[in-house]
Every structure is written in C-alpha cells, then in structure tokens.
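Take a look at the structure set out below.
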Amino acid sequence: MTDRPADAQRFPVESFAWPAGRRAAVSLTFDDARQSQVATGIPILGRHGLRGTFFVSIGSLEQRPDDWKRAAETGHEIANHTLTHPCSGNFGFAHGNALELYTLDRMEDELTEASETIEQLVGVRPRTFAYPCGQTYVGRGENARSYVPLVARHFLAGRNAFDEIHNDPTFCDLAQLFSLDADQKGLDTLLGWVGAARAAGGWLILMVHDIGGDGRQTINAQVLDSLCRELTATPDVWVDTMAAVAEHIAATRR
C-alpha cells in the first residue's frame with residue numbers, strides 16, 4: 001500500500017482534546033470592518049466578555065483606525081481580508097477588480113500589503129485571513145490557480161465562506177476552514193449549529209457582516225446578544241478568536 005504524505009494523514013480522534021475539558025469551540029468572525037461592528041457588535045461582545053475576529057477591509061479600516069486599534073487592545077483579533085477585496089467578475093461590483101484577472105503574484109502582493117497596512121495602522125500583524133466572497137482562485141480556465149497555498153504560507157489559518165458544517169479539528173485544513181453564514185439567521189438556527197458542533201466535538205466558525213436590524217448581510221443585534229449570552233452560559237464550549245483556536249489545533253497536531 002502506498003503511503004500518503006504526512007500532511008494528508010488524518011489525526012486520530014484520541015490524539016486531540018479541547019482545552020480545559022471543553023467539548024467544542026466557536027469563533028465569531030466579522031467581515032469588512034463595517035461601522036456597525038464598531039458601534040454595535042464590539043459592545044455586545046464586550047458585555048459578555050467575548051473576543052471576536054474582524055477581517056478588515058483596508059478602505060474601511062483607514063476611515064476609523066483608532067477604533068480598530070482600541071478593539072485590538074481589548075483582545076479582539078484584527079485579521080487580513082486582502083487589500084482591495086477582489087471577487088469574481090460575475091459580481092458587478094468586482095468588474096474592475098476581478099479574480100479572473102489576477103495572477104498568484106498579484107494576489108501575494110494583495111496579502112502582504114494588506115498585512116503591512118494593518119500593522120502600521122493597528123499595531124498588530126494579522127495571523128489569519130478570510131477569502132473575499134469565499135473564493136479561493138485567481139485566473140480563469142486552464143490558467144486558473146488556487147491561492148490557498150499562499151494563504152497557508154503567510155497565515156496561521158484561512159477562512160472560507162458560505163459553507164455547510166463546522167470544522168473537524170482532527171482533519172480540517174487550517175488554510176481553508178469552513179464557516180457558516182450567520183447573517184439573517186434566527187437564534188434557534190444558530191444554537192442548532194452550536195449544538196451540532198458540540199455533539200461532534202467540532203469547531204464552529206460563524207461569519208457576520210453588519211449588526212442591526214433584519215436587512216441583507218445583517219445579523220439582528222438582539223439575536224447576536226442572545227447568542228453571546230447562551231454561549232457564555234455553556235461552559236463546555238470554548239469561544240475565542242480564530243487565531244487562538246487555530247493555534248491550539250496546530251500545536252496539538254505538532
């Protein structure tokens with residue numbers, strides 16, 4: 001039988017344990033550095049003593065650098081979301097900045113320049129990354145290439161978007177972690193996802209954009225507050241930043 005490469009082998013379930021006897025992990029992640037995250041989301045997290053991961057868009061970050069610096073100083077993770085948020089040109093807003101027109105070299109410049117800008121403005125070097133629009137490629141047709149290897153090279157972990165299930169800590173690829181879209185979801189749905197991760201010993205990553213009412217790409221503020229309250233009342237679920245959880249998984253595997 002042909003041996004598989006070491007990094008393709010599944011870590012045995014018995015070799016992994018969450019810290020302090022916990023049964024699962026949850027990370028609350030927020031995209032694009034939107035104003036409602038500063039005005040509403042961070043105060044909600046603070047009331048419950050929770051830390052979030054914020055994948056910041058550089059243009060928005062540059063408008064409120066002091067707010068994001070304070071967020072980092074209070075324990076929230078400020079993370080990389082590229083310099084210009086390129087997505088497929090199938091989205092009208094991306095026609096002038098389409099992934100189909102990118103090369104790997106251009107994408108690597110996006111990643112490194114965004115990290116340098118965040119470090120200059122906020123004072124921290126990003127350790128994790130979120131793929132804009134959840135898309136992991138550059139180019140088109142026979143010239144299309146995955147940029148997952150670039151993310152693996154530059155970051156502790158990378159997060160996808162719009163996925164269907166939590167991550168298995170014994171198997172997941174830290175460079176392309178699954179996340180579930182929490183926007184416009186009710187509390188029962190979110191708690192169901194938490195329960196599924198808890199039953200399986202998994203890592204649930206939730207993706208949020210705006211915090212407020214019930215609009216598109218928005219989680220209701222009361223739903224987020226109630227979710228945080230339920231999470232803090234569930235002591236066997238570890239709630240922490242994406243970097244903290246990824247670091248634990250990586251250290252356990254080593």
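Every chain in the structure tokens has a letter given in the order shown (A, B, ...), and although residue numbers restart at 1 in each chain, ligands are simply numbered from 1 in the order shown.
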I'd like a table as a Markdown table: residues in range 26-70 of chain A with an atom no more than 6 Å from range 202-212 of chain A, each row giving the shortest atom pair and its distance in Å to one decimal, only C-alpha atoms counted, sorted by chain and rising residue number.
| residue | atom | partner | partner_atom | distance |
| --- | --- | --- | --- | --- |
| A:Val26 | CA | A:Leu204 | CA | 4.7 |
| A:Ser27 | CA | A:Ile205 | CA | 4.8 |
| A:Leu28 | CA | A:Leu206 | CA | 5.2 |
| A:Thr29 | CA | A:Met207 | CA | 5.1 |
| A:Phe30 | CA | A:Val208 | CA | 4.7 |
| A:Asp31 | CA | A:His209 | CA | 5.2 |
| A:Ser36 | CA | A:Ile211 | CA | 5.6 |
Could you write out the selected residues, including C-alpha atoms, as an mmCIF file, in the first residue's frame?
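To be explicit, this is the file written out as again_10.cif:
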data_model
loop_
_atom_site.group_PDB
_atom_site.id
_atom_site.type_symbol
_atom_site.label_atom_id
_atom_site.label_comp_id
_atom_site.auth_asym_id
_atom_site.auth_seq_id
_atom_site.Cartn_x
_atom_site.Cartn_y
_atom_site.Cartn_z
ATOM 1 C CA VAL A 26 -16.915 28.565 18.467
ATOM 2 C CA SER A 27 -15.361 31.582 16.761
ATOM 3 C CA LEU A 28 -17.382 34.702 15.954
ATOM 4 C CA THR A 29 -15.941 36.369 12.845
ATOM 5 C CA PHE A 30 -16.900 39.654 11.185
ATOM 6 C CA ASP A 31 -16.070 40.791 7.644
ATOM 7 C CA SER A 36 -21.958 48.689 12.788
#
Next on the checklist: Write out as a PyMOL selection string the set of residues from range 162-243 of chain A that DSSP, computed on the backbone, places in helix (DSSP H, G or I).
Outcome noted: chain A and resi 187-200+221-232+242-243
Only C-alpha atoms, please: the residues just picked out, written as a short mmCIF file (atom, residue, chain, number, x, y, z; two decimals), in the first residue's frame.
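Output saved as out-v2.cif:
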data_model
loop_
_atom_site.label_atom_id
_atom_site.label_comp_id
_atom_site.auth_asym_id
_atom_site.auth_seq_id
_atom_site.Cartn_x
_atom_site.Cartn_y
_atom_site.Cartn_z
CA LEU A 187 -31.33 32.33 17.32
CA ASP A 188 -32.74 28.81 17.06
CA THR A 189 -30.79 28.17 13.85
CA LEU A 190 -27.55 29.47 15.35
CA LEU A 191 -27.97 27.47 18.54
CA GLY A 192 -28.71 24.39 16.43
CA TRP A 193 -25.35 24.84 14.72
CA VAL A 194 -23.66 25.25 18.11
CA GLY A 195 -25.35 22.07 19.33
CA ALA A 196 -24.20 20.11 16.28
CA ALA A 197 -20.60 21.22 16.79
CA ARG A 198 -20.82 20.41 20.50
CA ALA A 199 -22.15 16.92 19.80
CA ALA A 200 -19.35 16.22 17.30
CA ALA A 221 -28.46 42.82 17.22
CA GLN A 222 -30.77 41.10 19.71
CA VAL A 223 -30.03 37.74 18.11
CA LEU A 224 -26.28 38.33 18.43
CA ASP A 225 -26.69 39.44 22.04
CA SER A 226 -28.77 36.37 22.88
CA LEU A 227 -26.31 34.08 21.11
CA CYS A 228 -23.44 35.53 23.15
CA ARG A 229 -25.45 35.07 26.34
CA GLU A 230 -26.15 31.43 25.51
CA LEU A 231 -22.53 30.77 24.61
CA THR A 232 -21.23 32.19 27.87
CA MET A 242 -9.95 32.21 15.10
CA ALA A 243 -6.23 32.61 15.75
#
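One finds CA of Arg70 in chain A at 28.3 Å from CA of Phe178 in chain A.
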Checklist outcome for this item: The distance between CA of Asp240 in chain A and CA of Ala24 in chain A is 11.1 Å
Item to check | CA of Leu121 in chain A to CA of Ala39 in chain A, straight-line distance in Å | outcome: 19.2 Å
Item to check | A:Pro65, A:Pro126, A:Thr40, A:Glu119 ranked by distance to Ile219 in chain A, top pick (using only C-alpha atoms) | outcome: A:Thr40
Checklist entry - Which is closest to Phe91 in chain A among A:Cys133, A:Ala152, A:Ile78, A:Ala144, if we use only C-alpha atoms? => result A:Cys133
With DSSP run on the backbone, what are the strand (DSSP E or B) residues within range 31-232 of chain A? I'd like them as a tab-separated table (two decimals) with C-alpha atoms, in the first residue's frame.
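Final file, out.tsv:
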chain	number	residue	atom	x	y	z
A	31	ASP	CA	-16.07	40.79	7.64
A	53	THR	CA	-12.12	38.07	14.84
A	54	PHE	CA	-12.51	41.02	12.47
A	55	PHE	CA	-11.39	40.57	8.87
A	56	VAL	CA	-10.95	44.19	7.92
A	77	GLU	CA	-8.33	39.84	16.60
A	78	ILE	CA	-7.75	42.16	13.63
A	79	ALA	CA	-7.18	39.96	10.59
A	80	ASN	CA	-6.47	40.14	6.85
A	87	CYS	CA	-14.09	38.76	-6.06
A	98	ALA	CA	-11.97	40.58	-10.75
A	128	THR	CA	-5.43	34.78	9.98
A	129	PHE	CA	-7.19	35.51	6.69
A	130	ALA	CA	-10.68	35.36	5.16
A	137	TYR	CA	-8.81	31.07	-7.00
A	138	VAL	CA	-7.22	33.51	-9.45
A	145	ARG	CA	-4.94	28.64	-9.87
A	146	SER	CA	-5.77	28.17	-6.22
A	157	ALA	CA	-5.28	29.95	9.19
A	158	GLY	CA	-7.64	30.98	6.38
A	159	ARG	CA	-11.44	31.05	6.44
A	167	ASN	CA	-14.77	22.02	11.18
A	177	LEU	CA	-11.61	26.48	7.19
A	180	LEU	CA	-21.38	29.28	8.27
A	181	ASP	CA	-23.20	32.46	7.28
A	203	TRP	CA	-15.13	23.97	15.70
A	204	LEU	CA	-17.97	26.21	14.52
A	205	ILE	CA	-16.93	29.43	12.78
A	206	LEU	CA	-19.73	31.94	12.24
A	207	MET	CA	-19.46	34.71	9.62
A	208	VAL	CA	-21.19	38.06	10.21
A	210	ASP	CA	-23.48	44.09	9.66
A	211	ILE	CA	-25.15	44.09	13.09
A	212	GLY	CA	-28.50	45.81	13.47
A	218	THR	CA	-27.05	41.71	8.70
A	219	ILE	CA	-27.48	39.81	11.92
A	220	ASN	CA	-30.16	41.16	14.24
Next on the checklist: Under the rule that only C-alpha atoms are counted, which of A:Arg140, A:Arg253, A:Gly213, A:Ala72 is the nearest residue to Leu174 in chain A?
Outcome noted: A:Arg253
Item to check | Asp109 in chain A surroundings by only C-alpha atoms, 12 Å radius, close-in-sequence under 4 positions cut, as JSON, numbers by chain | outcome: {"A": [82, 83, 84, 102, 103, 104, 105, 113, 114, 115, 116, 117, 147, 150, 151, 154]}
Next on the checklist: Give me the residues near range 17-21 of chain A as a list of chain:residue names, where near means some atom within 10 Å (using only C-alpha atoms) and where sequence neighbours in that chain fewer than 3 positions away do not count.
Outcome noted: A:Val13, A:Glu14, A:Ala24, A:Ala25, A:Pro169, A:Thr170, A:Gly201, A:Gly202, A:Trp203, A:Pro235, A:Asp236, A:Val237, A:Trp238, A:Val245, A:His248, A:Ile249, A:Thr252
Based on the selection just made, write C-alpha atoms of those residues as a tab-separated table (two decimals), in the first residue's frame.
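Final output, again.tsv:
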chain	number	residue	atom	x	y	z
A	13	VAL	CA	-9.58	11.49	17.29
A	14	GLU	CA	-7.98	10.28	20.51
A	24	ALA	CA	-16.26	22.16	21.18
A	25	ALA	CA	-15.13	25.58	20.01
A	169	PRO	CA	-10.30	19.62	14.40
A	170	THR	CA	-8.69	16.26	13.68
A	201	GLY	CA	-16.51	17.92	19.16
A	202	GLY	CA	-16.14	20.37	16.29
A	203	TRP	CA	-15.13	23.97	15.70
A	235	PRO	CA	-19.12	26.26	29.90
A	236	ASP	CA	-18.05	23.26	27.82
A	237	VAL	CA	-17.95	25.36	24.62
A	238	TRP	CA	-14.78	27.39	24.12
A	245	VAL	CA	-8.42	28.16	18.24
A	248	HIS	CA	-4.43	25.22	19.71
A	249	ILE	CA	-5.19	22.84	16.84
A	252	THR	CA	-1.86	19.73	19.22
Next on the checklist: Here is a test: counting only C-alpha atoms, which residue of A:Ala33, A:Val38, A:Leu50, A:Ile118 is nearest to Thr241 in chain A?
Outcome noted: A:Leu50
